[in-house]
file run.cif (mmCIF, C-alpha atoms and all ligand atoms)
data_structure
#
loop_
_atom_site.label_atom_id
_atom_site.label_comp_id
_atom_site.auth_asym_id
_atom_site.auth_seq_id
_atom_site.Cartn_x
_atom_site.Cartn_y
_atom_site.Cartn_z
CA MET I 28 3.92 -2.54 -16.43
CA ALA I 29 6.24 -4.86 -14.61
CA GLY I 30 7.52 -1.75 -12.89
CA ASP I 31 10.99 -0.82 -11.77
CA TRP I 32 12.72 -3.87 -10.40
CA SER I 33 16.01 -2.15 -9.58
CA PRO I 34 16.72 -3.89 -6.25
CA PHE I 35 15.61 -7.21 -7.65
CA ILE I 36 17.70 -6.89 -10.78
CA GLN I 37 20.74 -5.61 -8.93
CA ARG I 38 20.72 -8.57 -6.56
CA ARG I 39 20.03 -11.14 -9.26
CA TRP I 40 22.69 -9.74 -11.62
CA SER I 41 25.37 -9.61 -9.05
CA PHE I 42 25.48 -13.39 -9.40
CA PHE I 43 26.38 -13.18 -13.08
CA GLN I 44 30.01 -13.29 -14.10
CA THR I 45 31.20 -10.06 -15.75
CA PRO I 46 32.53 -11.46 -19.07
CA ARG I 47 29.28 -13.31 -19.59
CA LEU I 48 27.34 -10.19 -18.79
CA ILE I 49 29.38 -8.10 -21.24
CA PHE I 50 28.90 -10.75 -23.92
CA TRP I 51 25.11 -10.74 -23.55
CA MET I 52 24.95 -6.96 -23.29
CA SER I 53 26.89 -6.67 -26.57
CA ILE I 54 24.48 -9.07 -28.25
CA PHE I 55 21.54 -7.09 -26.88
CA ALA I 56 23.00 -3.75 -27.99
CA ALA I 57 23.74 -5.12 -31.47
CA LEU I 58 20.18 -6.40 -31.70
CA LEU I 59 18.78 -3.02 -30.68
CA LEU I 60 20.92 -1.21 -33.28
CA PHE I 61 19.86 -3.70 -35.94
CA LEU I 62 16.18 -3.25 -35.11
CA PHE I 63 16.54 0.54 -35.03
CA PHE I 64 18.10 0.80 -38.49
CA HIS I 65 15.89 -1.79 -40.14
CA SER I 66 12.44 -0.71 -38.88
CA PRO I 67 10.07 0.97 -41.34
CA PRO I 68 9.97 4.73 -40.53
CA ASP I 69 6.16 5.06 -40.52
CA LEU I 70 5.61 2.79 -37.52
CA SER I 71 5.08 4.08 -33.97
CA PRO I 72 7.66 2.85 -31.41
CA ASP I 73 5.20 0.29 -30.02
CA ARG I 74 4.25 -1.00 -33.43
CA ARG I 75 7.92 -1.01 -34.48
CA ALA I 76 8.86 -3.14 -31.51
CA LEU I 77 5.98 -5.44 -32.31
CA ALA I 78 6.79 -5.70 -35.97
CA SER I 79 10.46 -6.32 -35.43
CA SER I 80 10.03 -8.86 -32.66
CA TRP I 81 7.28 -10.90 -34.24
CA ASP I 82 6.29 -11.29 -37.80
CA GLY I 83 2.49 -11.20 -37.73
CA HIS I 84 1.47 -14.72 -38.64
CA SER I 85 4.09 -16.59 -36.70
CA TRP I 86 3.42 -14.37 -33.65
CA GLU I 87 -0.32 -15.11 -33.85
CA ARG I 88 0.40 -18.80 -34.23
CA ARG I 89 2.59 -18.70 -31.11
CA VAL I 90 -0.04 -16.84 -29.10
CA LEU I 91 -2.77 -19.24 -30.22
CA ALA I 92 -0.61 -22.28 -29.49
CA SER I 93 0.31 -20.97 -26.05
CA SER I 94 -3.26 -20.08 -25.08
CA ARG I 95 -4.81 -23.28 -26.46
CA PRO I 96 -5.91 -25.65 -23.69
CA LEU I 97 -4.40 -29.14 -23.79
CA SER I 98 -7.38 -31.38 -24.35
CA LYS I 99 -5.78 -34.49 -22.83
CA LEU I 100 -5.53 -32.99 -19.35
CA SER I 101 -8.67 -32.61 -17.29
CA ALA I 102 -9.91 -29.31 -15.84
CA SER I 103 -10.39 -29.14 -12.10
CA ASP I 104 -14.17 -28.77 -12.01
CA GLY I 105 -15.41 -30.32 -15.23
CA ARG I 106 -16.29 -26.90 -16.74
CA GLY I 107 -13.84 -27.44 -19.55
CA HIS I 108 -10.53 -25.68 -20.07
CA LEU I 109 -9.86 -21.99 -19.78
CA SER I 110 -7.72 -19.52 -21.70
CA VAL I 111 -6.07 -17.34 -19.09
CA LEU I 112 -3.98 -14.24 -19.78
CA VAL I 113 -1.42 -14.00 -16.96
CA THR I 114 0.32 -10.65 -16.60
CA GLY I 115 3.50 -10.45 -14.55
CA ALA I 116 4.40 -14.06 -15.30
CA ALA I 117 8.07 -13.14 -14.96
CA GLY I 118 7.44 -12.17 -11.33
CA PHE I 119 7.27 -14.34 -8.22
CA VAL I 120 3.57 -15.19 -7.83
CA GLY I 121 2.90 -14.87 -11.57
CA CYS I 122 5.45 -17.47 -12.65
CA HIS I 123 4.12 -20.01 -10.13
CA VAL I 124 0.47 -19.41 -11.10
CA ALA I 125 1.19 -19.52 -14.85
CA LEU I 126 3.15 -22.76 -14.60
CA THR I 127 0.50 -24.43 -12.42
CA LEU I 128 -2.27 -23.44 -14.86
CA LYS I 129 -0.20 -24.71 -17.75
CA ARG I 130 0.56 -27.95 -15.95
CA ARG I 131 -3.10 -28.70 -15.33
CA GLY I 132 -3.82 -28.11 -19.02
CA ASP I 133 -5.19 -24.58 -19.28
CA GLY I 134 -3.90 -22.31 -22.05
CA VAL I 135 -1.76 -19.44 -20.78
CA GLY I 136 -0.59 -16.27 -22.55
CA ASP I 137 1.79 -13.82 -20.87
CA ILE I 138 2.34 -10.15 -21.55
CA ASN I 139 2.55 -6.80 -19.79
CA ASP I 140 2.58 -4.34 -22.63
CA ALA I 141 -0.60 -2.34 -23.38
CA ALA I 142 -0.25 -2.40 -27.18
CA LEU I 143 0.28 -6.11 -27.07
CA LEU I 144 -2.70 -6.57 -24.76
CA TYR I 145 -5.05 -5.18 -27.40
CA LYS I 146 -3.37 -7.26 -30.08
CA LEU I 147 -3.65 -10.36 -27.90
CA PHE I 148 -7.36 -9.84 -27.39
CA ASP I 149 -7.76 -9.61 -31.19
CA VAL I 150 -6.23 -13.05 -31.45
CA VAL I 151 -7.55 -14.90 -28.37
CA ALA I 152 -10.95 -14.70 -26.65
CA PHE I 153 -9.52 -14.91 -23.13
CA THR I 154 -12.01 -16.21 -20.60
CA HIS I 155 -9.95 -14.87 -17.67
CA VAL I 156 -7.16 -12.43 -16.90
CA MET I 157 -4.88 -13.16 -13.95
CA HIS I 158 -3.30 -9.77 -13.38
CA LEU I 159 -0.18 -10.13 -11.25
CA ALA I 160 2.11 -7.55 -12.85
CA ALA I 161 2.84 -4.87 -10.24
CA GLN I 162 5.49 -2.84 -8.48
CA ALA I 163 5.78 -4.67 -5.18
CA GLY I 164 7.66 -3.83 -1.96
CA VAL I 165 6.67 -1.60 0.93
CA ARG I 166 9.95 0.16 1.63
CA TYR I 167 11.15 0.74 -1.96
CA ALA I 168 8.15 3.05 -2.49
CA MET I 169 10.04 5.76 -0.63
CA HIS I 170 12.83 5.65 -3.22
CA ASN I 171 10.82 5.32 -6.41
CA PRO I 172 7.23 6.48 -5.90
CA GLY I 173 6.58 7.01 -9.61
CA SER I 174 7.10 3.36 -10.36
CA TYR I 175 4.22 2.43 -8.02
CA VAL I 176 1.85 4.88 -9.69
CA HIS I 177 2.97 3.70 -13.13
CA SER I 178 2.49 -0.03 -12.50
CA ASN I 179 -0.14 -0.32 -9.80
CA ILE I 180 -2.46 2.43 -10.95
CA ALA I 181 -1.81 3.27 -14.63
CA GLY I 182 -0.98 -0.37 -15.43
CA LEU I 183 -4.09 -1.65 -13.69
CA VAL I 184 -6.25 0.85 -15.56
CA SER I 185 -4.77 -0.25 -18.87
CA VAL I 186 -5.58 -3.90 -18.07
CA PHE I 187 -9.16 -2.99 -17.08
CA GLU I 188 -9.50 -0.85 -20.22
CA VAL I 189 -8.59 -3.67 -22.56
CA CYS I 190 -10.80 -6.12 -20.61
CA LYS I 191 -13.84 -3.87 -20.62
CA ALA I 192 -13.48 -3.27 -24.36
CA ALA I 193 -13.14 -6.99 -25.15
CA ASN I 194 -16.03 -8.97 -26.50
CA PRO I 195 -16.63 -11.22 -24.67
CA GLN I 196 -15.21 -9.53 -21.55
CA PRO I 197 -12.98 -11.82 -19.46
CA ALA I 198 -13.31 -12.18 -15.69
CA VAL I 199 -10.37 -10.47 -13.94
CA VAL I 200 -8.50 -11.77 -10.88
CA TRP I 201 -5.77 -9.42 -9.64
CA ALA I 202 -3.23 -9.06 -6.84
CA SER I 203 -4.07 -6.60 -4.10
CA SER I 204 -2.17 -6.71 -0.81
CA SER I 205 -2.46 -7.17 2.94
CA SER I 206 -0.84 -3.76 3.19
CA VAL I 207 -4.22 -2.13 2.46
CA TYR I 208 -5.07 -2.76 6.15
CA GLY I 209 -2.41 -0.16 7.01
CA LEU I 210 -2.91 1.20 10.49
CA ASN I 211 -6.00 -0.93 11.12
CA SER I 212 -5.64 -2.25 14.68
CA LYS I 213 -8.55 -4.70 14.68
CA ILE I 214 -7.13 -8.22 14.40
CA PRO I 215 -7.32 -10.58 12.63
CA PHE I 216 -7.79 -8.43 9.53
CA SER I 217 -11.14 -9.07 7.91
CA GLU I 218 -12.31 -7.98 4.48
CA LYS I 219 -15.09 -6.10 6.28
CA ASP I 220 -12.58 -3.87 8.13
CA GLN I 221 -11.87 -0.28 7.14
CA THR I 222 -8.92 0.10 4.79
CA ASP I 223 -8.66 3.86 4.66
CA LYS I 224 -5.39 4.34 6.56
CA PRO I 225 -2.54 3.09 4.33
CA ALA I 226 0.91 3.29 5.94
CA SER I 227 2.89 3.33 2.68
CA LEU I 228 2.56 4.56 -0.88
CA TYR I 229 2.61 0.91 -1.99
CA ALA I 230 -0.45 0.25 0.19
CA ALA I 231 -2.13 3.42 -1.08
CA THR I 232 -1.70 2.33 -4.72
CA LYS I 233 -3.14 -1.13 -3.96
CA LYS I 234 -6.07 0.46 -2.13
CA ALA I 235 -6.57 2.79 -5.10
CA GLY I 236 -6.60 -0.33 -7.28
CA GLU I 237 -9.47 -1.76 -5.26
CA GLU I 238 -11.47 1.45 -5.73
CA ILE I 239 -10.68 1.47 -9.46
CA ALA I 240 -11.86 -2.15 -9.63
CA HIS I 241 -15.15 -1.07 -8.05
CA ALA I 242 -15.63 1.61 -10.72
CA TYR I 243 -14.94 -0.77 -13.64
CA ASN I 244 -17.27 -3.34 -12.16
CA HIS I 245 -19.97 -0.74 -11.64
CA ILE I 246 -19.74 0.99 -15.00
CA TYR I 247 -18.82 -1.83 -17.37
CA GLY I 248 -20.04 -5.05 -15.72
CA LEU I 249 -16.52 -6.51 -15.40
CA SER I 250 -16.32 -9.48 -13.05
CA ILE I 251 -13.39 -8.63 -10.74
CA THR I 252 -11.74 -10.44 -7.83
CA GLY I 253 -9.00 -8.74 -5.75
CA LEU I 254 -6.70 -10.97 -3.69
CA ARG I 255 -5.02 -9.50 -0.62
CA PHE I 256 -1.79 -11.49 -0.40
CA PHE I 257 -0.05 -11.70 2.98
CA THR I 258 3.79 -11.65 2.79
CA VAL I 259 4.20 -14.40 0.20
CA TYR I 260 7.46 -16.36 0.34
CA GLY I 261 9.05 -19.43 -1.21
CA PRO I 262 11.32 -20.69 -4.01
CA TRP I 263 11.93 -18.16 -6.82
CA GLY I 264 10.87 -15.42 -4.40
CA ARG I 265 11.78 -11.74 -4.42
CA PRO I 266 15.35 -10.98 -3.30
CA ASP I 267 14.20 -7.67 -1.82
CA MET I 268 12.07 -9.44 0.78
CA ALA I 269 13.41 -9.95 4.29
CA TYR I 270 13.40 -13.79 4.41
CA PHE I 271 15.38 -13.83 1.14
CA PHE I 272 18.09 -11.28 1.96
CA PHE I 273 18.34 -12.53 5.56
CA THR I 274 19.27 -15.93 4.10
CA LYS I 275 21.86 -14.37 1.84
CA ASP I 276 23.36 -12.17 4.59
CA ILE I 277 23.40 -14.93 7.23
CA LEU I 278 25.36 -17.15 4.84
CA LYS I 279 27.78 -14.33 4.09
CA GLY I 280 28.24 -13.52 7.78
CA LYS I 281 26.82 -10.04 7.28
CA PRO I 282 24.74 -8.39 10.01
CA ILE I 283 20.95 -8.27 9.65
CA SER I 284 18.52 -5.75 11.18
CA ILE I 285 15.52 -7.07 13.04
CA PHE I 286 12.91 -4.38 13.46
CA GLU I 287 10.86 -3.97 16.60
CA GLY I 288 7.81 -1.84 17.28
CA PRO I 289 7.24 0.78 19.99
CA HIS I 290 7.94 -0.44 23.57
CA HIS I 291 10.03 -3.35 22.18
CA GLN I 292 6.90 -4.88 20.67
CA SER I 293 7.86 -7.69 18.30
CA VAL I 294 7.11 -7.21 14.63
CA ALA I 295 5.20 -10.13 13.10
CA ARG I 296 3.90 -11.22 9.71
CA ASP I 297 1.34 -13.69 8.50
CA PHE I 298 3.92 -15.28 6.16
CA THR I 299 2.14 -17.30 3.45
CA TYR I 300 3.77 -20.02 1.37
CA ILE I 301 3.63 -19.65 -2.40
CA ASP I 302 1.87 -22.99 -3.08
CA ASP I 303 -1.02 -21.97 -0.82
CA ILE I 304 -1.27 -18.64 -2.65
CA VAL I 305 -1.31 -20.43 -6.01
CA LYS I 306 -4.23 -22.59 -4.83
CA GLY I 307 -6.10 -19.43 -3.82
CA CYS I 308 -5.41 -17.87 -7.23
CA LEU I 309 -6.65 -20.89 -9.15
CA ALA I 310 -9.74 -21.25 -6.93
CA SER I 311 -10.53 -17.59 -7.64
CA ILE I 312 -10.31 -18.22 -11.37
CA ASP I 313 -12.44 -21.34 -11.10
CA THR I 314 -15.20 -19.62 -9.10
CA ALA I 315 -15.23 -16.32 -11.01
CA GLN I 316 -18.53 -15.58 -12.70
CA GLN I 317 -18.55 -14.23 -16.22
CA SER I 318 -18.48 -10.50 -16.79
CA THR I 319 -21.87 -9.16 -17.82
CA GLY I 320 -20.73 -6.41 -20.18
CA SER I 321 -19.97 -6.62 -23.83
CA GLY I 322 -17.67 -4.37 -25.89
CA GLY I 323 -17.68 -1.65 -23.23
CA LYS I 324 -21.41 -1.78 -22.37
CA LYS I 325 -22.76 -3.13 -19.09
CA MET I 326 -25.68 -5.56 -19.40
CA GLY I 327 -26.28 -6.22 -15.70
CA PRO I 328 -24.62 -6.39 -12.27
CA ALA I 329 -21.38 -8.37 -12.18
CA GLN I 330 -19.42 -10.17 -9.48
CA LEU I 331 -17.04 -8.03 -7.36
CA ARG I 332 -15.02 -9.89 -4.71
CA VAL I 333 -12.12 -9.29 -2.32
CA TYR I 334 -10.38 -12.10 -0.39
CA ASN I 335 -7.62 -12.30 2.19
CA LEU I 336 -5.09 -14.95 1.20
CA GLY I 337 -2.96 -15.39 4.31
CA ASN I 338 -1.73 -18.18 6.53
CA THR I 339 -3.72 -16.99 9.54
CA SER I 340 -0.77 -17.64 11.81
CA PRO I 341 1.46 -14.60 12.40
CA VAL I 342 5.12 -15.27 13.24
CA PRO I 343 7.54 -12.71 14.78
CA VAL I 344 10.43 -11.75 12.53
CA SER I 345 12.84 -12.90 15.29
CA LYS I 346 11.32 -16.40 15.00
CA LEU I 347 11.72 -16.31 11.22
CA VAL I 348 15.42 -15.61 11.79
CA SER I 349 15.83 -18.43 14.29
CA ILE I 350 14.23 -20.91 11.85
CA LEU I 351 16.64 -19.72 9.15
CA GLU I 352 19.61 -20.07 11.51
CA LYS I 353 18.72 -23.71 12.15
CA LEU I 354 18.11 -24.53 8.50
CA LEU I 355 21.32 -22.80 7.41
CA LYS I 356 23.26 -24.15 10.41
CA THR I 357 24.70 -20.65 10.83
CA LYS I 358 24.25 -18.05 13.55
CA ALA I 359 22.97 -14.70 12.35
CA LYS I 360 24.62 -11.42 13.38
CA LYS I 361 21.44 -9.80 14.65
CA HIS I 362 20.92 -6.11 15.26
CA VAL I 363 17.59 -5.38 16.86
CA GLN I 364 16.52 -1.84 16.04
CA PRO I 365 13.38 0.29 16.14
CA MET I 366 11.32 -0.06 12.99
CA PRO I 367 12.25 2.90 10.77
CA ARG I 368 9.45 5.12 9.49
CA ASN I 369 9.47 3.48 6.10
CA GLY I 370 5.90 2.32 5.53
CA ASP I 371 6.17 -0.92 7.54
CA VAL I 372 3.39 -1.92 9.91
CA VAL I 373 3.95 -3.82 13.15
CA TYR I 374 1.64 -6.76 12.64
CA THR I 375 -0.42 -8.59 10.01
CA HIS I 376 -2.90 -11.40 10.59
CA ALA I 377 -5.43 -12.61 8.03
CA ASN I 378 -8.94 -13.71 8.82
CA ILE I 379 -9.42 -16.19 5.97
CA SER I 380 -12.95 -17.39 6.68
CA ARG I 381 -14.41 -15.77 3.57
CA ALA I 382 -11.79 -17.37 1.31
CA ASN I 383 -12.28 -20.64 3.15
CA GLN I 384 -16.05 -20.63 2.65
CA GLU I 385 -16.15 -19.40 -0.91
CA LEU I 386 -12.88 -20.70 -2.40
CA HIS I 387 -12.24 -23.64 -0.05
CA TYR I 388 -8.91 -21.95 0.58
CA LYS I 389 -7.03 -23.70 3.35
CA PRO I 390 -3.29 -23.04 3.72
CA THR I 391 -1.33 -26.16 4.58
CA THR I 392 2.30 -25.00 4.85
CA ASP I 393 3.59 -23.51 8.09
CA LEU I 394 6.62 -21.21 8.15
CA GLN I 395 9.01 -23.95 9.29
CA ALA I 396 8.04 -26.27 6.41
CA GLY I 397 7.89 -23.46 3.86
CA LEU I 398 11.30 -22.06 4.79
CA LYS I 399 12.77 -25.54 4.59
CA LYS I 400 11.65 -25.75 0.96
CA PHE I 401 12.89 -22.24 0.30
CA VAL I 402 16.33 -22.89 1.81
CA ARG I 403 16.71 -26.12 -0.15
CA TRP I 404 15.89 -24.23 -3.35
CA TYR I 405 18.18 -21.32 -2.39
CA LEU I 406 21.20 -23.50 -1.67
CA ASP I 407 20.67 -25.47 -4.86
CA TYR I 408 20.10 -22.44 -7.02
CA TYR I 409 23.02 -20.38 -5.81
CA SER I 410 25.40 -23.29 -5.68
CA GLY I 411 25.05 -23.38 -9.46
CA ASN I 412 23.26 -26.73 -9.39
CA ARG I 413 20.56 -25.61 -11.80
CA LYS I 414 20.15 -28.94 -13.52
CA ARG I 415 17.74 -30.08 -10.83
CA LEU I 416 14.81 -27.84 -11.52
CA TYR I 417 12.07 -27.10 -9.14
CA TRP I 418 8.73 -27.61 -10.77
O1 LIG I 501 1.74 -8.60 2.55
C1 LIG I 501 1.96 -7.71 1.75
O2 LIG I 501 1.08 -7.11 1.16
C2 LIG I 501 3.36 -7.28 1.49
O3 LIG I 501 4.23 -8.34 1.90
C3 LIG I 501 5.59 -8.02 1.78
O4 LIG I 501 5.88 -6.90 2.61
P1 LIG I 501 6.46 -7.18 4.07
O5 LIG I 501 5.49 -7.93 4.91
O6 LIG I 501 6.93 -5.85 4.57
O7 LIG I 501 7.65 -8.17 3.77
P2 LIG I 501 9.22 -8.01 3.93
O8 LIG I 501 9.69 -6.81 3.24
O9 LIG I 501 9.82 -9.30 3.56
O10 LIG I 501 9.38 -7.79 5.51
C4 LIG I 501 8.98 -8.84 6.40
C5 LIG I 501 9.18 -8.41 7.82
O11 LIG I 501 10.57 -8.24 8.09
C6 LIG I 501 10.77 -6.98 8.72
N1 LIG I 501 12.11 -6.50 8.33
C7 LIG I 501 12.36 -6.14 7.05
C8 LIG I 501 13.62 -5.72 6.67
C9 LIG I 501 14.64 -5.69 7.62
O12 LIG I 501 15.80 -5.32 7.34
N2 LIG I 501 14.35 -6.07 8.90
C10 LIG I 501 13.11 -6.48 9.29
O13 LIG I 501 12.89 -6.81 10.46
C11 LIG I 501 9.65 -6.08 8.23
O14 LIG I 501 9.40 -5.06 9.18
C12 LIG I 501 8.51 -7.07 8.15
O15 LIG I 501 7.90 -7.19 9.39
C13 LIG I 501 5.91 -7.68 0.33
O16 LIG I 501 7.27 -7.27 0.24
C14 LIG I 501 5.03 -6.60 -0.21
O17 LIG I 501 5.28 -6.47 -1.60
C15 LIG I 501 3.58 -6.92 0.04
O18 LIG I 501 3.16 -7.91 -0.83
#
call {"tool": "encode", "arguments": {"input": "run.cif", "output": "structure tokens"}}
result
Amino acid sequence: MAGDWSPFIQRRWSFFQTPRLIFWMSIFAALLLFLFFHSPPDLSPDRRALASSWDGHSWERRVLASSRPLSKLSASDGRGHLSVLVTGAAGFVGCHVALTLKRRGDGVGDINDAALLYKLFDVVAFTHVMHLAAQAGVRYAMHNPGSYVHSNIAGLVSVFEVCKAANPQPAVVWASSSSVYGLNSKIPFSEKDQTDKPASLYAATKKAGEEIAHAYNHIYGLSITGLRFFTVYGPWGRPDMAYFFFTKDILKGKPISIFEGPHHQSVARDFTYIDDIVKGCLASIDTAQQSTGSGGKKMGPAQLRVYNLGNTSPVPVSKLVSILEKLLKTKAKKHVQPMPRNGDVVYTHANISRANQELHYKPTTDLQAGLKKFVRWYLDYYSGNRKRLYW
């Protein structure tokens, strides 16, 4: 369900040295061969993977230990600790949210495999699911459309299926996207605006997710909150995003393309720093009401929410580049070019008043400050200085 991360993986792996890579690939291949020849023949592939990776009792013990709240740390609102299943915890937003929950003392499990989801719910009565696993990226959807359908639609349905069948049902908080506003020209974007003109397949799958959420809420009484993230950036970010590969290319002296809209209109984004997004995610968990259904049956109306999580301060991409140039002390080789027809939109700007009123969401990091933290992390990370970690 984590989707196809080809561009991400390619960029990350190019930093590995080849002999090391070959060594680990050999170990991995040997492990696969071992598992293949030693698995009992009557197990399905999913069950076989499960059985070979975890022996039942020790696996359950690990899941229980990981999801158990730490009693010494205090919960944020005095309601007691939560057990939160975080999907996509290997991804950008997911890893930050999971670590912050863990740090404040909540129990966190992590998985994005459907068979394991059911097994996990047998073992742990999750109070919440933070569903962040997805195929992200606006432009990559043109190259690999199936991956978006697989992760953002089929994957979402499989998460809702396991949640609706659980007893008790957890409350679900999941990642939608600012891209659902598509060709909407009313700014700033408000949750009340129409979102029926997606400009990319990515946006269309996120919009479909919001409609699917409505159906599960309506039929099964699942409490569901969708978060429309606005161009999230920061340390441990996605290498396929512009701020990340601009940094890499500026340092390498490679040219970068800066898109512009029709009539030389500048392209701008409501760039939002990861720590602000994490606060919005945790506030959504903390304010989520319980689902009303039980074991697949609705008992009454349940909470259904959608929030914009943005910075409410759009910045032109050309300004993003000039901040990076200063922080990196290097001039970029800029090529300004018309925005290709690739699913991009010219402008995003979040109206965050609903999130502010109901979640007390208030972003505090502007692009200058956020990029400074990102660049510090980037230089440290890629200089090989990984001893100093970033949490
Ligand atoms: O808010 C979202 O819902 C989405 O945010 C992010 O999409 P975007 O806002 O498109 O971010 P990103 O690709 O970094 O491009 C940033 C800017 O650089 C411009 N851009 C891009 C490439 C380039 O070569 N030149 C350029 O000018 C480009 O035109 C754009 O204006 C997430 O990737 C997506 O997964 C989703 O979460």
call {"tool": "residues_near_ligand", "arguments": {"input": "run.cif", "ligand": "ligand LIG 501 (chain I)", "cutoff": "6 Å", "atoms": "all atoms listed in the file", "output": "PDB file with C-alpha atoms, in the coordinates of the input"}}
result
ATOM      1  CA  ALA I 163       5.780  -4.670  -5.180  1.00  0.00           C
ATOM      2  CA  GLY I 164       7.660  -3.830  -1.960  1.00  0.00           C
ATOM      3  CA  VAL I 165       6.670  -1.600   0.930  1.00  0.00           C
ATOM      4  CA  SER I 204      -2.170  -6.710  -0.810  1.00  0.00           C
ATOM      5  CA  SER I 205      -2.460  -7.170   2.940  1.00  0.00           C
ATOM      6  CA  SER I 206      -0.840  -3.760   3.190  1.00  0.00           C
ATOM      7  CA  PHE I 256      -1.790 -11.490  -0.400  1.00  0.00           C
ATOM      8  CA  PHE I 257      -0.050 -11.700   2.980  1.00  0.00           C
ATOM      9  CA  THR I 258       3.790 -11.650   2.790  1.00  0.00           C
ATOM     10  CA  MET I 268      12.070  -9.440   0.780  1.00  0.00           C
ATOM     11  CA  ALA I 269      13.410  -9.950   4.290  1.00  0.00           C
ATOM     12  CA  TYR I 270      13.400 -13.790   4.410  1.00  0.00           C
ATOM     13  CA  SER I 284      18.520  -5.750  11.180  1.00  0.00           C
ATOM     14  CA  ILE I 285      15.520  -7.070  13.040  1.00  0.00           C
ATOM     15  CA  PHE I 286      12.910  -4.380  13.460  1.00  0.00           C
ATOM     16  CA  VAL I 294       7.110  -7.210  14.630  1.00  0.00           C
ATOM     17  CA  ALA I 295       5.200 -10.130  13.100  1.00  0.00           C
ATOM     18  CA  ARG I 296       3.900 -11.220   9.710  1.00  0.00           C
ATOM     19  CA  VAL I 344      10.430 -11.750  12.530  1.00  0.00           C
ATOM     20  CA  ASP I 371       6.170  -0.920   7.540  1.00  0.00           C
TER      21      ASP I 371
END
call {"tool": "atom_distance", "arguments": {"input": "run.cif", "atom1": "CA of Met326 (chain I)", "atom2": "CA of Glu385 (chain I)"}}
result
25.0 Å
call {"tool": "closest_residue", "arguments": {"input": "run.cif", "among": "I:Asn179, I:Thr319, I:Gln395, I:Asn383", "to": "Val348 (chain I)", "atoms": "only C-alpha atoms"}}
result
I:Gln395
call {"tool": "residues_near_point", "arguments": {"input": "run.cif", "point": "(5.1, 4.6, 2.2)", "cutoff": "6 Å", "atoms": "all atoms listed in the file", "output": "count of residues only"}}
result
7
call {"tool": "closest_residue", "arguments": {"input": "run.cif", "among": "I:Val200, I:Ala382, I:Ala230, I:Ile251", "to": "Arg166 (chain I)", "atoms": "all atoms listed in the file"}}
result
I:Ala230
call {"tool": "residues_around", "arguments": {"input": "run.cif", "residues": "Asn338 (chain I)", "least_positions_apart": "2", "cutoff": "9 Å", "atoms": "all atoms listed in the file", "output": "JSON, numbers by chain"}}
result
{"I": [257, 297, 298, 299, 300, 303, 336, 340, 341, 376, 377, 378, 379, 389, 390, 391, 392, 393]}
call {"tool": "write_last_selection", "arguments": {"input": "run.cif", "atoms": "C-alpha atoms", "output": "mmCIF file, keeping the file's coordinate frame"}}
result
data_model
loop_
_atom_site.group_PDB
_atom_site.id
_atom_site.type_symbol
_atom_site.label_atom_id
_atom_site.label_comp_id
_atom_site.auth_asym_id
_atom_site.auth_seq_id
_atom_site.Cartn_x
_atom_site.Cartn_y
_atom_site.Cartn_z
ATOM 1 C CA PHE I 257 -0.050 -11.700 2.980
ATOM 2 C CA ASP I 297 1.340 -13.690 8.500
ATOM 3 C CA PHE I 298 3.920 -15.280 6.160
ATOM 4 C CA THR I 299 2.140 -17.300 3.450
ATOM 5 C CA TYR I 300 3.770 -20.020 1.370
ATOM 6 C CA ASP I 303 -1.020 -21.970 -0.820
ATOM 7 C CA LEU I 336 -5.090 -14.950 1.200
ATOM 8 C CA SER I 340 -0.770 -17.640 11.810
ATOM 9 C CA PRO I 341 1.460 -14.600 12.400
ATOM 10 C CA HIS I 376 -2.900 -11.400 10.590
ATOM 11 C CA ALA I 377 -5.430 -12.610 8.030
ATOM 12 C CA ASN I 378 -8.940 -13.710 8.820
ATOM 13 C CA ILE I 379 -9.420 -16.190 5.970
ATOM 14 C CA LYS I 389 -7.030 -23.700 3.350
ATOM 15 C CA PRO I 390 -3.290 -23.040 3.720
ATOM 16 C CA THR I 391 -1.330 -26.160 4.580
ATOM 17 C CA THR I 392 2.300 -25.000 4.850
ATOM 18 C CA ASP I 393 3.590 -23.510 8.090
#
call {"tool": "atom_distance", "arguments": {"input": "run.cif", "atom1": "CA of Lys191 (chain I)", "atom2": "CA of Gly320 (chain I)"}}
result
7.4 Å
call {"tool": "atom_distance", "arguments": {"input": "run.cif", "atom1": "CA of Asn244 (chain I)", "atom2": "CA of Val207 (chain I)"}}
result
19.6 Å
call {"tool": "closest_residue", "arguments": {"input": "run.cif", "among": "I:Phe119, I:Phe148, I:Phe187, I:Trp404", "to": "His241 (chain I)", "atoms": "all atoms listed in the file"}}
result
I:Phe187
call {"tool": "axis_aligned_box", "arguments": {"input": "run.cif", "around": "region 168-183 of chain I", "padding_each_side": "3 Å", "output": "lines of an AutoDock Vina configuration file"}}
result
center_x = 4.4
center_y = 2.7
center_z = -8.0
size_x = 22.9
size_y = 14.7
size_z = 20.8
call {"tool": "residues_around", "arguments": {"input": "run.cif", "residues": "Asn194 (chain I)", "least_positions_apart": "5", "cutoff": "8 Å", "atoms": "only C-alpha atoms", "output": "PDB file with C-alpha atoms, in the coordinates of the input"}}
result
ATOM      1  CA  ALA I 152     -10.950 -14.700 -26.650  1.00  0.00           C
ATOM      2  CA  SER I 321     -19.970  -6.620 -23.830  1.00  0.00           C
ATOM      3  CA  GLY I 322     -17.670  -4.370 -25.890  1.00  0.00           C
TER       4      GLY I 322
END
call {"tool": "residues_around", "arguments": {"input": "run.cif", "residues": "Val124 (chain I)", "least_positions_apart": "2", "cutoff": "9 Å", "atoms": "all atoms listed in the file", "output": "ChimeraX atom specification"}}
result
/I:113,116,119-122,126-129,157,302,304-306,308-309
